[in-house]
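Worksheet: one structure, shown below.
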Amino acid sequence: MTEPLDRKGLAYAVTAYAVWGTFPILMDELRPAGAVEIVAHRAAWSLVVCLVLVAVTRRWRPLLAALRNPRTLLTLAVAAALVALNWGVMLYAVLTDRVADSSLGYYINPLITVALGVLVLREHLHRAQSFAIGLAGVAIVVVGIELGGVPWIAPTLACSFALYSLVKKRIGATVDALTGFTIETIVLAPVALVIFLVLAHRGTGTWGAFGVGHDLWLASTGIWTAGALLIFAAGTSRLPLYVVGLIQFLTPTISFILAVTYFGEPMPPTRWAGFVLVWVALVIVTVDSWRRSRASAAARAAIIVNEPE
C-alpha cells in the first residue's frame, strides 16, 4: 500500500467510472425510445464495436476457443442475462425520472457484493460488515416508506451487478475482458434482433423515425458501453483492489448529483435519510477494509523481515 499508484491506471479507472456516472444524460437523450429498445441497440452496437476491436487486435483465436467451450459459453450467457437486466432497470429508472433510485442501487452494490461473498464463496463476515449490511437494509425500508411501495429499482440494480461481477470474477482467469464481453453481446444479439423485428412489426420503433441525430445517439451506445468496459479493465489491471473499491463510488455520486441538479428530482427528508444511512454503511465498510489491508500488509512485511537468510 506504500507503492506509488500507476497514473495511467488511475486515469483509466476514473474515466470509466465517470462515463458510467454520466450514462443517465446519454440515456435521457435517447427519448422517445423505450428501455427495451435502447437495451437492444446497446447490445447490438456493442457487438459491432467489439468485433471491430477483435479484428484490430487480432483476438479471433481466444474468441473462437471460448465459443467452443460449452461451460465458458454458458457462464457468459448468464453474465449476459444479468447485464441486460441491469441495463434495462437502469434505463427504466432514467426514463421514469428515478435516477436517484439508480444511484442508490450502485451505492448499495458493494454491500451486496460482501453479502454474496458470504453466501456463495463462504467468506467470513466481520462485525463491521454485518452492521453495514444491516444499515443498508434499513435504508431500503426507509426509501420504501417514502415511495409508498417496494423500492425494487435500487435492490435489483445492486443485486444484478453484484451477481454479474461474481460471474465475471469466476471466469476472469480464463477469458479476457474483450473476449468475454464480445461473447456476452453475441448471446444478446438474437434477442436484440427479435426486439427490432417486433418493434418494426408494431411500428413502435424509433430508429429512422426521429432523424439522423437520434439514430446516431442510439448507435453511440455501443461506443460508450464497450469503450467504458475496456477502459475499466485496463485501469483495474494496474491498480490495487482497495483503490478500485474507492473509485467505484464516483459513479453513483455523479448520478446522484445529476438526479438532484440536472434532472431536478425531488429529495424529501425521508429519502435523504435513506441515502445518509447507506453513506454511513459505506464509510464503515471502507474504513474496516482499509484497516484490515494495512494489518495484512504489515503482517506480510514482518514475516519477510523475520525470515532467516
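Here, A, B, ... name the chains of the C-alpha cells in the order displayed, residue numbers run from 1 inside each chain, and ligands are numbered from 1 in the same displayed order.
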
key: Contact residues around segment 151-166 of chain A with only C-alpha atoms at 10 Å, ignoring same-chain residues under 6 positions, as a PyMOL selection string   = chain A and resi 76+78-90+92-93+98-117+120-121+137+140-145+172

key: Spatial neighbours of segment 280-293 of chain A, 7 Å, only C-alpha atoms, chain gap at least 4 places, as an MDAnalysis selection string   = chainID A and resid 128:129 132 135:136 276 297

Can I get the selection written as an mmCIF file, in the first residue's frame, with C-alpha atoms?
data_model
loop_
_atom_site.group_PDB
_atom_site.id
_atom_site.type_symbol
_atom_site.label_atom_id
_atom_site.label_comp_id
_atom_site.auth_asym_id
_atom_site.auth_seq_id
_atom_site.Cartn_x
_atom_site.Cartn_y
_atom_site.Cartn_z
ATOM 1 C CA ALA A 128 -18.419 -4.036 10.806
ATOM 2 C CA GLN A 129 -19.602 -5.601 7.549
ATOM 3 C CA ALA A 132 -23.115 -2.017 7.379
ATOM 4 C CA LEU A 135 -27.843 -0.304 7.748
ATOM 5 C CA ALA A 136 -28.316 -0.785 4.001
ATOM 6 C CA VAL A 276 -27.331 9.027 4.640
ATOM 7 C CA ALA A 297 0.406 -5.725 4.662
#

note = One residue among A:Leu64, A:Leu95, A:Ala192, A:Val244 is nearest to Phe263 of chain A when using only C-alpha atoms, and that residue is A:Leu95

Selection near Leu216 of chain A, 12 Å with only C-alpha atoms, sequence-local residues under 6 positions removed, as a PyMOL selection string = chain A and resi 26+29-30+41+45+206-208+210+222-223

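One finds atom CA of Lys168 of chain A at 11.7 Å from atom CA of Ala233 of chain A.
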
task = Rounded to one decimal place, report the atom CA of Pro62 of chain A-atom CA of Thr225 of chain A distance in Å.
result = 21.4 Å

Alpha helix (DSSP H) call set, DSSP backbone run, segment 150-293 of chain A, as number ranges by chain = A: 153-171, 177-202, 211-236, 241-247, 250-260, 269-293

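The environment of Lys8 of chain A within 12 Å, counting only C-alpha atoms and disregarding residues fewer than 5 places along the same chain, consists of Ala13, Val14, Thr15, Ile231, Phe232, Ala234, Gly235, Thr236, Ser237, Arg238 and Leu239 of chain A.
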
key: d(atom CA of Ile186 of chain A, atom CA of Gly211 of chain A) in Å   = 27.8 Å

Nearest to Val198 of chain A, chosen from A:Arg42, A:Gly274, A:Glu37, A:Thr253, with only C-alpha atoms counted in the distances = A:Glu37

ask   = For Pro190 of chain A, which of A:Ala44, A:Ile254, A:Pro266, A:Trp217 is the closest residue, counting only C-alpha atoms?
value = A:Ala44

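Taking only C-alpha atoms into account, Trp279 of chain A lies nearest to A:Phe249 out of the set A:Ile25, A:Ala66, A:Leu188, A:Phe249.
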